[in-house]
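Peer 1: Coordinates in protein_24.txt, compact mmCIF, C-alpha atoms, are listed below.
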# COMPACT_ATOMS: atom_id res chain seq x y z
CA ALA A 1 1.61 28.12 -9.56
CA PRO A 2 -1.24 29.68 -11.55
CA GLU A 3 -1.16 26.89 -14.16
CA GLU A 4 -1.65 24.14 -11.57
CA ARG A 5 -4.94 22.28 -11.79
CA VAL A 6 -6.53 20.91 -8.65
CA SER A 7 -9.52 18.59 -8.52
CA ALA A 8 -11.72 17.75 -5.56
CA SER A 9 -14.90 15.89 -4.78
CA ALA A 10 -17.60 16.88 -2.32
CA ALA A 11 -19.22 14.42 0.08
CA THR A 12 -21.37 14.59 3.17
CA LEU A 13 -19.61 14.35 6.52
CA ASN A 14 -20.83 10.82 7.19
CA GLU A 15 -19.75 9.66 3.72
CA ALA A 16 -16.32 11.19 4.19
CA ARG A 17 -15.87 9.52 7.56
CA ALA A 18 -16.88 6.07 6.33
CA ASP A 19 -14.07 3.88 5.03
CA ARG A 20 -14.90 2.44 1.62
CA ALA A 21 -13.16 -0.83 2.45
CA VAL A 22 -15.38 -1.24 5.52
CA LYS A 23 -18.44 -0.48 3.39
CA ARG A 24 -17.47 -3.19 0.93
CA SER A 25 -16.96 -5.68 3.73
CA LEU A 26 -20.36 -4.86 5.21
CA LEU A 27 -22.03 -5.22 1.82
CA VAL A 28 -20.45 -8.67 1.38
CA LEU A 29 -21.65 -9.62 4.85
CA MET A 30 -25.14 -8.29 4.15
CA GLY A 31 -25.23 -10.24 0.89
CA ALA A 32 -24.38 -13.45 2.75
CA VAL A 33 -27.07 -12.70 5.33
CA GLY A 34 -29.60 -12.05 2.56
CA LEU A 35 -28.79 -15.36 0.87
CA LEU A 36 -29.07 -17.17 4.18
CA HIS A 37 -32.46 -15.53 4.75
CA LEU A 38 -33.69 -16.60 1.31
CA LEU A 39 -32.42 -20.11 1.97
CA ALA A 40 -34.33 -20.22 5.25
CA CYS A 41 -37.48 -18.91 3.52
CA ALA A 42 -37.25 -21.60 0.82
CA ASN A 43 -36.76 -24.25 3.48
CA VAL A 44 -39.77 -23.09 5.53
CA VAL A 45 -41.95 -22.86 2.41
CA ASN A 46 -40.96 -26.41 1.48
CA LEU A 47 -41.85 -27.65 4.96
CA LEU A 48 -45.20 -25.84 4.90
CA LEU A 49 -45.96 -27.26 1.45
CA GLY A 50 -45.26 -30.73 2.81
CA ARG A 51 -47.53 -30.02 5.77
CA ALA A 52 -50.27 -28.79 3.43
CA ALA A 53 -49.85 -31.95 1.29
CA SER A 54 -50.19 -34.15 4.36
CA LYS A 55 -53.49 -32.39 5.17
CA ARG A 56 -54.82 -32.61 1.63
CA ARG A 57 -57.62 -34.93 2.72
CA ASP A 58 -58.66 -32.49 5.47
CA SER A 59 -58.73 -29.64 2.97
CA ALA A 60 -60.75 -31.70 0.50
CA VAL A 61 -63.28 -32.58 3.22
CA ARG A 62 -63.63 -28.90 4.21
CA LEU A 63 -64.30 -27.94 0.61
CA ALA A 64 -66.77 -30.84 0.20
CA LEU A 65 -68.70 -29.67 3.27
CA GLY A 66 -69.14 -26.21 1.78
CA SER A 67 -66.13 -24.24 2.98
CA SER A 68 -65.19 -21.52 0.52
CA ASP A 69 -61.80 -21.24 -1.11
CA LYS A 70 -61.35 -17.88 0.57
CA ARG A 71 -61.97 -19.31 4.03
CA LEU A 72 -59.70 -22.28 3.46
CA PHE A 73 -57.01 -20.00 2.07
CA GLY A 74 -57.25 -17.81 5.17
CA HIS A 75 -57.05 -20.84 7.47
CA VAL A 76 -53.87 -22.27 5.89
CA PHE A 77 -52.37 -18.83 5.39
CA GLY A 78 -52.99 -17.94 9.04
CA GLU A 79 -51.19 -21.06 10.26
CA GLY A 80 -48.09 -20.34 8.19
CA PHE A 81 -48.18 -16.61 8.95
CA ALA A 82 -48.42 -17.20 12.70
CA MET A 83 -45.51 -19.66 12.61
CA ALA A 84 -43.31 -17.21 10.67
CA VAL A 85 -44.25 -14.29 12.94
CA LEU A 86 -43.30 -16.29 16.05
CA GLY A 87 -39.91 -17.09 14.50
CA GLY A 88 -39.37 -13.47 13.52
CA ALA A 89 -40.30 -12.26 17.00
CA ALA A 90 -37.80 -14.67 18.54
CA GLY A 91 -35.14 -13.40 16.11
CA ILE A 92 -35.84 -9.76 17.00
CA ALA A 93 -35.65 -10.53 20.72
CA PHE A 94 -32.37 -12.38 20.24
CA ALA A 95 -30.94 -9.48 18.20
CA ALA A 96 -31.90 -7.00 20.92
CA LEU A 97 -30.21 -9.12 23.60
CA ALA A 98 -27.12 -9.96 21.53
CA THR A 99 -26.47 -6.33 20.56
CA GLY A 100 -25.68 -5.44 24.16
CA LEU A 101 -23.13 -8.27 24.32
CA VAL A 102 -21.20 -7.12 21.25
CA THR A 103 -18.15 -5.05 22.19
CA PRO A 104 -16.11 -4.24 19.08
CA PRO A 105 -12.35 -3.67 19.36
CA THR A 106 -11.23 -0.09 19.80
CA ASN A 107 -11.51 2.00 16.63
CA VAL A 108 -12.76 -0.95 14.57
CA TRP A 109 -15.52 1.25 13.17
CA ALA A 110 -13.34 4.33 12.72
CA PRO A 111 -12.03 5.29 9.27
CA ARG A 112 -8.37 4.64 8.47
CA SER A 113 -7.00 8.13 8.84
CA PHE A 114 -3.71 9.48 10.17
CA TYR A 115 -5.67 12.17 11.99
CA GLY A 116 -8.26 9.82 13.44
CA SER A 117 -12.00 10.20 13.30
CA LEU A 118 -14.07 13.17 14.42
CA ALA A 119 -16.22 10.87 16.53
CA PRO A 120 -17.12 7.18 16.66
CA PHE A 121 -18.62 6.50 13.25
CA ASP A 122 -20.88 3.67 14.30
CA THR A 123 -21.40 1.26 17.15
CA PRO A 124 -23.75 -1.72 17.44
CA ALA A 125 -27.12 -0.48 18.68
CA PHE A 126 -30.74 -1.59 18.79
CA GLY A 127 -33.31 1.19 18.71
CA LEU A 128 -36.61 2.08 17.11
CA PHE A 129 -35.14 1.97 13.59
CA GLU A 130 -33.77 -1.53 14.08
CA LEU A 131 -37.02 -2.65 15.72
CA GLY A 132 -39.06 -1.26 12.83
CA PHE A 133 -36.78 -2.91 10.28
CA GLY A 134 -37.12 -6.24 12.09
CA VAL A 135 -40.91 -5.98 12.28
CA CYS A 136 -41.25 -5.08 8.59
CA LEU A 137 -38.89 -7.89 7.56
CA THR A 138 -40.78 -10.34 9.75
CA ILE A 139 -44.16 -9.42 8.23
CA LEU A 140 -42.77 -9.57 4.69
CA THR A 141 -41.16 -12.96 5.36
CA ALA A 142 -44.34 -14.30 6.94
CA VAL A 143 -46.38 -13.29 3.87
CA ILE A 144 -43.85 -14.84 1.49
CA VAL A 145 -43.71 -18.20 3.27
CA ALA A 146 -47.46 -18.43 4.00
CA ILE A 147 -48.85 -17.79 0.52
CA PRO A 148 -47.51 -20.87 -1.36
CA PRO A 149 -48.96 -23.50 1.01
CA ALA A 150 -52.27 -21.60 1.16
CA LEU A 151 -52.50 -21.58 -2.63
CA SER A 152 -51.67 -25.28 -2.82
CA ALA A 153 -54.46 -26.03 -0.32
CA ILE A 154 -57.20 -24.56 -2.52
CA ARG A 155 -55.85 -25.77 -5.85
CA LEU A 156 -56.86 -29.40 -5.55
CA ASP A 157 -59.55 -31.68 -6.90
CA VAL A 158 -61.97 -32.52 -4.08
CA SER A 159 -62.79 -36.07 -5.18
CA SER A 160 -59.18 -37.09 -5.85
CA GLY A 161 -58.08 -35.40 -2.61
CA ILE A 162 -60.55 -37.42 -0.55
CA ARG A 163 -59.57 -40.68 -2.29
CA ALA A 164 -55.79 -40.06 -2.10
CA GLY A 165 -55.65 -39.09 1.54
CA SER A 166 -52.11 -39.06 2.83
CA ARG A 167 -50.91 -40.54 -0.44
CA GLY A 168 -51.05 -36.96 -1.70
CA LEU A 169 -47.54 -36.72 -0.34
CA ALA A 170 -46.29 -39.04 -3.02
CA VAL A 171 -48.27 -37.25 -5.72
CA ASP A 172 -46.83 -33.89 -4.76
CA GLY A 173 -43.36 -35.18 -4.02
CA LEU A 174 -40.17 -34.86 -6.03
CA SER A 175 -40.33 -36.09 -9.56
CA LEU A 176 -37.99 -35.81 -12.50
CA LYS A 177 -40.86 -36.33 -14.96
CA ARG A 178 -43.17 -33.64 -13.59
CA PRO A 179 -41.39 -30.98 -11.51
CA SER A 180 -43.49 -29.68 -8.63
CA ALA A 181 -43.25 -26.53 -6.52
CA ARG A 182 -41.48 -28.46 -3.78
CA GLY A 183 -38.99 -29.85 -6.28
CA VAL A 184 -38.23 -26.36 -7.57
CA LEU A 185 -37.75 -25.12 -3.99
CA VAL A 186 -35.32 -27.93 -3.25
CA GLY A 187 -33.30 -26.89 -6.31
CA VAL A 188 -33.35 -23.26 -5.17
CA GLU A 189 -32.19 -24.26 -1.68
CA ALA A 190 -29.35 -26.32 -3.13
CA ALA A 191 -28.28 -23.41 -5.36
CA PHE A 192 -28.30 -20.90 -2.47
CA ALA A 193 -26.47 -23.33 -0.19
CA MET A 194 -23.80 -24.01 -2.82
CA LEU A 195 -23.36 -20.28 -3.42
CA LEU A 196 -22.87 -19.66 0.30
CA VAL A 197 -20.44 -22.55 0.63
CA VAL A 198 -18.34 -21.37 -2.33
CA ALA A 199 -18.32 -17.76 -1.08
CA ALA A 200 -17.36 -18.89 2.43
CA GLY A 201 -14.57 -21.05 1.01
CA LEU A 202 -13.18 -18.14 -0.99
CA LEU A 203 -13.27 -15.85 2.05
CA ILE A 204 -11.55 -18.45 4.23
CA GLU A 205 -8.88 -18.97 1.58
CA SER A 206 -8.31 -15.21 1.33
CA PHE A 207 -8.10 -14.94 5.12
CA GLU A 208 -5.55 -17.76 5.30
CA ARG A 209 -3.51 -16.10 2.55
CA MET A 210 -3.50 -12.86 4.53
CA ARG A 211 -2.43 -14.73 7.67
CA ARG A 212 0.45 -16.37 5.84
CA ALA A 213 1.57 -13.13 4.22
CA GLY A 214 4.85 -11.85 5.64
CA ARG A 215 4.65 -8.67 7.67
CA GLY A 216 8.38 -8.18 8.18
CA VAL A 217 8.12 -7.93 11.96
CA GLU A 218 7.80 -10.17 14.99
CA THR A 219 4.12 -10.66 15.84
CA GLU A 220 4.11 -13.17 18.69
CA THR A 221 5.86 -11.26 21.48
CA VAL A 222 5.20 -7.60 20.62
CA VAL A 223 2.52 -5.42 22.20
CA ALA A 224 1.52 -2.08 20.67
CA LEU A 225 0.09 0.89 22.57
CA SER A 226 -1.08 4.12 20.95
CA GLY A 227 -1.43 7.71 22.07
CA ALA A 228 -1.38 11.24 20.62
CA PRO A 229 -0.17 13.87 23.11
CA SER A 230 -1.26 17.39 22.28
CA GLU A 231 1.48 19.73 21.07
CA ALA A 232 -0.09 22.36 23.30
CA HIS A 233 1.07 20.30 26.31
CA VAL A 234 4.19 18.78 24.73
CA PRO A 235 5.70 21.27 22.26
CA ALA A 236 8.18 20.14 19.63
CA SER A 237 11.14 21.28 21.71
CA ALA A 238 10.07 19.09 24.64
CA ALA A 239 9.02 16.09 22.54
CA PRO A 240 12.37 14.19 22.59
CA ALA A 241 12.59 14.34 26.38
CA PHE A 242 8.95 13.31 26.69
CA VAL A 243 9.46 10.28 24.42
CA THR A 244 12.61 9.32 26.35
CA ARG A 245 10.71 9.32 29.66
CA LEU A 246 7.93 7.29 28.03
CA LEU A 247 10.35 4.65 26.71
CA ASP A 248 12.19 4.46 30.03
CA ALA A 249 8.91 3.86 31.86
CA ALA A 250 7.86 1.18 29.37
CA SER A 251 11.25 -0.54 29.54
CA ASN A 252 11.03 -0.76 33.33
CA VAL A 253 7.78 -2.74 33.25
CA PRO A 254 8.50 -6.32 34.43
CA GLY A 255 8.74 -8.71 31.48
CA VAL A 256 9.51 -6.01 28.89
CA ILE A 257 12.75 -6.76 27.05
CA SER A 258 12.91 -3.60 24.94
CA ALA A 259 10.68 -0.74 23.85
CA THR A 260 10.53 1.65 20.93
CA VAL A 261 8.30 4.32 19.45
CA ASP A 262 7.05 5.17 15.95
CA GLY A 263 4.60 7.47 14.24
CA GLY A 264 2.75 4.43 12.87
CA ALA A 265 2.49 0.68 13.26
CA PRO A 266 2.60 -2.36 10.96
CA LEU A 267 -0.72 -2.95 9.16
CA SER A 268 -2.05 0.32 10.59
CA GLY A 269 -0.46 2.99 8.43
CA SER A 270 2.45 5.37 8.85
CA ALA A 271 3.38 9.02 8.54
CA ARG A 272 4.40 10.17 5.06
CA SER A 273 6.70 12.77 3.66
CA THR A 274 8.29 13.74 0.37
CA LEU A 275 11.88 12.77 -0.47
CA HIS A 276 14.72 14.76 -2.02
CA ILE A 277 18.06 13.16 -2.85
CA ALA A 278 21.40 14.94 -2.91
CA GLY A 279 22.97 15.14 -6.34
CA ARG A 280 19.68 14.78 -8.17
CA GLU A 281 17.48 17.48 -9.59
CA SER A 282 14.64 18.31 -7.24
CA ALA A 283 11.19 17.37 -8.45
CA PRO A 284 8.73 20.21 -9.14
CA GLU A 285 6.49 21.34 -6.33
CA GLY A 286 3.94 18.63 -5.52
CA GLN A 287 5.67 15.93 -7.60
CA ALA A 288 8.35 14.73 -5.19
CA PRO A 289 8.07 10.99 -4.40
CA SER A 290 6.09 10.08 -1.30
CA VAL A 291 7.81 7.86 1.27
CA LEU A 292 6.91 6.45 4.67
CA ARG A 293 8.45 8.28 7.62
CA HIS A 294 9.25 6.69 10.95
CA TYR A 295 10.50 8.45 14.08
CA VAL A 296 11.91 5.62 16.16
CA GLY A 297 14.00 4.68 19.17
CA PRO A 298 17.52 3.22 19.20
CA ASP A 299 16.19 -0.33 19.79
CA HIS A 300 13.46 -0.13 17.17
CA PHE A 301 14.70 -2.84 14.82
CA LYS A 302 15.62 -5.22 17.65
CA THR A 303 12.24 -4.70 19.33
CA LEU A 304 10.19 -5.42 16.21
CA GLY A 305 12.54 -8.08 14.85
CA ILE A 306 13.26 -6.17 11.64
CA PRO A 307 16.42 -7.67 10.12
CA LEU A 308 19.41 -5.46 9.37
CA ARG A 309 20.66 -6.12 5.80
CA VAL A 310 23.52 -3.67 5.31
CA GLY A 311 25.26 -1.05 7.43
CA ARG A 312 24.28 -0.33 11.01
CA ALA A 313 21.25 0.38 13.13
CA PHE A 314 20.82 3.45 15.30
CA LEU A 315 23.07 4.12 18.26
CA GLU A 316 22.46 5.90 21.53
CA THR A 317 24.79 8.62 20.26
CA ASP A 318 22.50 9.38 17.30
CA GLY A 319 20.82 12.20 19.14
CA GLU A 320 20.44 15.94 19.17
CA GLY A 321 23.61 17.71 18.15
CA SER A 322 25.03 14.74 16.24
CA PRO A 323 24.88 14.41 12.42
CA ARG A 324 21.45 13.39 11.24
CA VAL A 325 21.18 9.80 10.06
CA THR A 326 18.54 7.58 8.53
CA VAL A 327 18.04 3.86 7.96
CA ILE A 328 16.04 2.86 4.91
CA SER A 329 14.10 -0.23 3.87
CA GLU A 330 15.06 -2.61 1.10
CA GLY A 331 12.06 -1.33 -0.84
CA ALA A 332 13.43 2.22 -0.68
CA ALA A 333 16.86 1.02 -1.80
CA ARG A 334 15.36 -0.81 -4.78
CA ARG A 335 13.21 2.13 -5.75
CA PHE A 336 15.69 5.00 -5.47
CA TRP A 337 19.11 3.31 -5.76
CA PRO A 338 18.48 0.20 -7.91
CA ASN A 339 22.10 -0.12 -9.12
CA GLN A 340 23.90 1.78 -6.38
CA ASP A 341 25.00 1.39 -2.82
CA PRO A 342 22.65 3.66 -0.84
CA LEU A 343 24.99 3.88 2.18
CA GLY A 344 26.43 7.35 2.52
CA GLN A 345 23.77 8.96 0.32
CA ARG A 346 22.27 12.18 1.65
CA VAL A 347 18.53 12.90 1.64
CA TRP A 348 16.08 15.58 2.71
CA PHE A 349 12.45 15.25 3.75
CA GLY A 350 9.53 17.59 3.28
CA SER A 351 9.70 20.96 1.55
CA PRO A 352 12.26 21.35 -1.25
CA GLY A 353 13.26 24.62 0.37
CA SER A 354 15.37 22.70 2.92
CA VAL A 355 17.48 20.94 0.25
CA SER A 356 20.04 23.73 0.21
CA SER A 357 20.53 23.43 3.98
CA LEU A 358 23.16 20.78 4.69
CA GLU A 359 22.33 20.50 8.40
CA GLN A 360 18.75 19.56 7.53
CA SER A 361 19.83 16.51 5.52
CA ALA A 362 20.30 12.95 6.78
CA VAL A 363 22.91 10.38 5.78
CA ILE A 364 21.85 6.78 5.06
CA VAL A 365 23.75 4.48 7.45
CA GLY A 366 21.84 1.21 7.07
CA VAL A 367 19.31 -0.87 5.15
CA VAL A 368 16.71 -3.07 6.87
CA GLY A 369 14.04 -5.50 5.71
CA ASP A 370 10.69 -4.40 4.35
CA VAL A 371 7.71 -4.05 6.68
CA VAL A 372 4.02 -4.04 5.70
CA TYR A 373 2.58 -0.83 7.14
CA SER A 374 -0.64 -0.42 5.14
CA PRO A 375 -3.59 -2.77 5.64
CA LEU A 376 -3.26 -5.90 3.54
CA ASP A 377 -6.16 -4.93 1.27
CA GLN A 378 -4.40 -1.73 0.18
CA THR A 379 -1.51 -1.03 -2.18
CA GLN A 380 1.74 -1.20 -0.26
CA ASN A 381 4.44 1.48 -0.20
CA PHE A 382 7.65 -0.25 0.92
CA ALA A 383 9.82 2.88 0.75
CA SER A 384 10.39 3.45 4.47
CA PHE A 385 12.85 5.94 5.95
CA TYR A 386 13.60 5.60 9.68
CA THR A 387 15.17 8.41 11.71
CA PRO A 388 15.95 8.73 15.45
CA TYR A 389 13.19 10.48 17.34
CA ALA A 390 15.83 12.59 19.08
CA GLN A 391 16.73 14.19 15.74
CA PHE A 392 13.32 14.26 14.02
CA THR A 393 10.24 14.15 16.22
CA TYR A 394 7.03 15.76 17.39
CA ALA A 395 4.79 14.95 20.33
CA SER A 396 2.15 12.81 18.65
I'd like the structure from this file rewritten - as structure tokens, please.
Peer 2:
Amino acid sequence: APEERVSASAATLNEARADRAVKRSLLVLMGAVGLLHLLACANVVNLLLGRAASKRRDSAVRLALGSSDKRLFGHVFGEGFAMAVLGGAAGIAFAALATGLVTPPTNVWAPRSFYGSLAPFDTPAFGLFELGFGVCLTILTAVIVAIPPALSAIRLDVSSGIRAGSRGLAVDGLSLKRPSARGVLVGVEAAFAMLLVVAAGLLIESFERMRRAGRGVETETVVALSGAPSEAHVPASAAPAFVTRLLDAASNVPGVISATVDGGAPLSGSARSTLHIAGRESAPEGQAPSVLRHYVGPDHFKTLGIPLRVGRAFLETDGEGSPRVTVISEGAARRFWPNQDPLGQRVWFGSPGSVSSLEQSAVIVGVVGDVVYSPLDQTQNFASFYTPYAQFTYAS
């Protein structure tokens, strides 16, 4: 209608293909890696400060014999820098070797989209960019960890350094009365470590909560396979026969008890459609409620272990030429028929133009348990409507 208002947002292709949930997860992971890196830097600096304190007498002797502060600074700085560079080089080499061993699960990097991704969004790789990033990070880290011990080496009193000798360790050690640089670093390390431990504990608790969350289906003995045949090769008219041959072949595999088909899978998303209910005023264009749509086989609920609450499941006779039927979820019953018996109600899917056509409607014959179809970190829509693939289907 002319008065309708439509809003849209523009984004680059790569931004549009990247899932925001994956971005957030990667940022959390990168934050943990950054904290771990800072913790390692503080630890190395503390060790180098201890090493510089143990060589305080040597530094005092060098200064007494005429060595300049600049030369002594360069000597101590070079030792720490070389040590950090060797560690960084080993880390870069390990990253290059480990990258080739990482094989992510199929589509783990792809965005969550019913239509799939245009191409693989990202895969683990190690190239010139990663090498350059590693080299720059190594140099920066080496400078950060080498400067504090070098400064501590030149900031000492020559006479007291020669007299104290190795006892300089005690002078520069931890003290509640006079905090030293090493004491501050120990506090920083403890703070970073505690932050990492708390964050890891929260993530583990969240993961365990997700594992314990009910999915509504059997998860131990079910295997899922996916495919999207082209409608150019399998047109809509041939889709039911194609799906039947596919299910027969799967059912004949040794060890398979039963097989079914669906346009989506638990925790992975589902097809959607709009709903229209007989006897109720149709919602305006674009405002009809959105429900999950499933095009399934006769043994769907038995295969996935979805409990039947009321009515019946699908029969072999619920095919082409027979009255159209649908089985709904408890969530759909609560949402659309809160104080009614949904059995026998008639519904339409899709365009409101089909509401006047009785043969396009489906009668509710059963109610089954709710199933979690969206990923656990997304808002769930429990209003599911199941129909036999022989009555409503398409190739993919």
Peer 1: In terms of the shortest atom-to-atom distance over all atoms listed in the file, which of A:Leu128, A:Ile257, A:Val347, A:Leu29 is closest to His276 (chain A)?
Peer 2: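 Under the stated criterion, the closest residue is A:Val347.
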Peer 1: Record the distance separating CA of Pro298 (chain A) and CA of Asp262 (chain A), expressed in Å with one decimal.
Peer 2: 11.1 Å
Peer 1: Identify the residues within 10 Å of coordinate (0.0, -3.9, 4.1) (same frame as the file), considering all atoms listed in the file, and give the answer as a ChimeraX atom specification.
Peer 2: /A:210,213-215,266-269,371-382
Peer 1: Could you work out how far CA of Asn339 (chain A) lies from CA of Val363 (chain A), giving the answer in Å with one decimal?
Peer 2: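 CA of Asn339 (chain A) lies 18.2 Å from CA of Val363 (chain A).
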Peer 1: Set the distance at 8 Å and use all atoms listed in the file: which residues neighbour Ala84 (chain A) once local chain neighbours fewer than 3 positions away are removed? I'd like the list as a VMD selection string.
Peer 2: chain A and resid 80 to 81 87 to 88 138 141 to 142 145 to 146
Peer 1: Within 10 Å of region 226-240 of chain A, counting all atoms listed in the file, which residues show up once you throw out same-chain ones fewer than 2 positions away? Write them as number ranges by chain, please.
Peer 2: A: 115, 224, 242-246, 261-265, 319-320, 388-396
Peer 1: Take the selection from the previous step and output its residues with C-alpha atoms, as an mmCIF file, in the coordinates of the input.
Peer 2:
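Result file follows (result-v4.cif):
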data_model
loop_
_atom_site.group_PDB
_atom_site.id
_atom_site.type_symbol
_atom_site.label_atom_id
_atom_site.label_comp_id
_atom_site.auth_asym_id
_atom_site.auth_seq_id
_atom_site.Cartn_x
_atom_site.Cartn_y
_atom_site.Cartn_z
ATOM 1 C CA TYR A 115 -5.670 12.170 11.990
ATOM 2 C CA ALA A 224 1.520 -2.080 20.670
ATOM 3 C CA PHE A 242 8.950 13.310 26.690
ATOM 4 C CA VAL A 243 9.460 10.280 24.420
ATOM 5 C CA THR A 244 12.610 9.320 26.350
ATOM 6 C CA ARG A 245 10.710 9.320 29.660
ATOM 7 C CA LEU A 246 7.930 7.290 28.030
ATOM 8 C CA VAL A 261 8.300 4.320 19.450
ATOM 9 C CA ASP A 262 7.050 5.170 15.950
ATOM 10 C CA GLY A 263 4.600 7.470 14.240
ATOM 11 C CA GLY A 264 2.750 4.430 12.870
ATOM 12 C CA ALA A 265 2.490 0.680 13.260
ATOM 13 C CA GLY A 319 20.820 12.200 19.140
ATOM 14 C CA GLU A 320 20.440 15.940 19.170
ATOM 15 C CA PRO A 388 15.950 8.730 15.450
ATOM 16 C CA TYR A 389 13.190 10.480 17.340
ATOM 17 C CA ALA A 390 15.830 12.590 19.080
ATOM 18 C CA GLN A 391 16.730 14.190 15.740
ATOM 19 C CA PHE A 392 13.320 14.260 14.020
ATOM 20 C CA THR A 393 10.240 14.150 16.220
ATOM 21 C CA TYR A 394 7.030 15.760 17.390
ATOM 22 C CA ALA A 395 4.790 14.950 20.330
ATOM 23 C CA SER A 396 2.150 12.810 18.650
#
Peer 1: Nearest residue to Phe336 (chain A) out of A:Phe207, A:Phe301, A:Phe314, A:Phe385, using only C-alpha atoms?
Peer 2: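 The closest residue to Phe336 (chain A) is A:Phe385.
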Peer 1: Figure out the distance between CA of Ser329 (chain A) and CA of Ala383 (chain A), please, to one decimal in Å.
Peer 2: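 Calculated distance between CA of Ala383 (chain A) and CA of Ser329 (chain A) is 6.1 Å.
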Peer 1: Nearest to Val184 (chain A): which of A:Leu137, A:Ala90, A:Val296, A:Leu49 is it, counting only C-alpha atoms?
Peer 2: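 Of A:Leu137, A:Ala90, A:Val296, A:Leu49, the one nearest Val184 (chain A), counting only C-alpha atoms, is A:Leu49.
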Peer 1: Measuring atom to atom with only C-alpha atoms, identify which of A:Leu86, A:Leu315, A:Leu247, A:Gly350 is nearest to Ser273 (chain A).
Peer 2: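 Of all the options, A:Gly350 lies closest to Ser273 (chain A).
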Peer 1: Could you list, as an mmCIF file with C-alpha atoms, keeping the file's coordinate frame, every residue within 12 Å of Val256 (chain A), counting all atoms listed in the file and ignoring same-chain residues fewer than 2 positions away?
Peer 2:
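Result saved to result.cif:
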data_model
loop_
_atom_site.group_PDB
_atom_site.id
_atom_site.type_symbol
_atom_site.label_atom_id
_atom_site.label_comp_id
_atom_site.auth_asym_id
_atom_site.auth_seq_id
_atom_site.Cartn_x
_atom_site.Cartn_y
_atom_site.Cartn_z
ATOM 1 C CA THR A 221 5.860 -11.260 21.480
ATOM 2 C CA VAL A 222 5.200 -7.600 20.620
ATOM 3 C CA VAL A 223 2.520 -5.420 22.200
ATOM 4 C CA LEU A 247 10.350 4.650 26.710
ATOM 5 C CA ASP A 248 12.190 4.460 30.030
ATOM 6 C CA ALA A 249 8.910 3.860 31.860
ATOM 7 C CA ALA A 250 7.860 1.180 29.370
ATOM 8 C CA SER A 251 11.250 -0.540 29.540
ATOM 9 C CA ASN A 252 11.030 -0.760 33.330
ATOM 10 C CA VAL A 253 7.780 -2.740 33.250
ATOM 11 C CA PRO A 254 8.500 -6.320 34.430
ATOM 12 C CA SER A 258 12.910 -3.600 24.940
ATOM 13 C CA ALA A 259 10.680 -0.740 23.850
ATOM 14 C CA THR A 260 10.530 1.650 20.930
ATOM 15 C CA THR A 303 12.240 -4.700 19.330
#
Peer 1: Given the point (-41.5, -4.0, 16.0) in the file's coordinates, find the residues that have an atom at most 12 Å from it, counting all atoms listed in the file, and give them as a ChimeraX atom specification.
Peer 2: /A:85,88-93,96,126-139
Peer 1: Residues of the last selection are to be written out with C-alpha atoms, as an mmCIF file, in the frame of the given file.
Peer 2:
data_model
loop_
_atom_site.group_PDB
_atom_site.id
_atom_site.type_symbol
_atom_site.label_atom_id
_atom_site.label_comp_id
_atom_site.auth_asym_id
_atom_site.auth_seq_id
_atom_site.Cartn_x
_atom_site.Cartn_y
_atom_site.Cartn_z
ATOM 1 C CA VAL A 85 -44.250 -14.290 12.940
ATOM 2 C CA GLY A 88 -39.370 -13.470 13.520
ATOM 3 C CA ALA A 89 -40.300 -12.260 17.000
ATOM 4 C CA ALA A 90 -37.800 -14.670 18.540
ATOM 5 C CA GLY A 91 -35.140 -13.400 16.110
ATOM 6 C CA ILE A 92 -35.840 -9.760 17.000
ATOM 7 C CA ALA A 93 -35.650 -10.530 20.720
ATOM 8 C CA ALA A 96 -31.900 -7.000 20.920
ATOM 9 C CA PHE A 126 -30.740 -1.590 18.790
ATOM 10 C CA GLY A 127 -33.310 1.190 18.710
ATOM 11 C CA LEU A 128 -36.610 2.080 17.110
ATOM 12 C CA PHE A 129 -35.140 1.970 13.590
ATOM 13 C CA GLU A 130 -33.770 -1.530 14.080
ATOM 14 C CA LEU A 131 -37.020 -2.650 15.720
ATOM 15 C CA GLY A 132 -39.060 -1.260 12.830
ATOM 16 C CA PHE A 133 -36.780 -2.910 10.280
ATOM 17 C CA GLY A 134 -37.120 -6.240 12.090
ATOM 18 C CA VAL A 135 -40.910 -5.980 12.280
ATOM 19 C CA CYS A 136 -41.250 -5.080 8.590
ATOM 20 C CA LEU A 137 -38.890 -7.890 7.560
ATOM 21 C CA THR A 138 -40.780 -10.340 9.750
ATOM 22 C CA ILE A 139 -44.160 -9.420 8.230
#
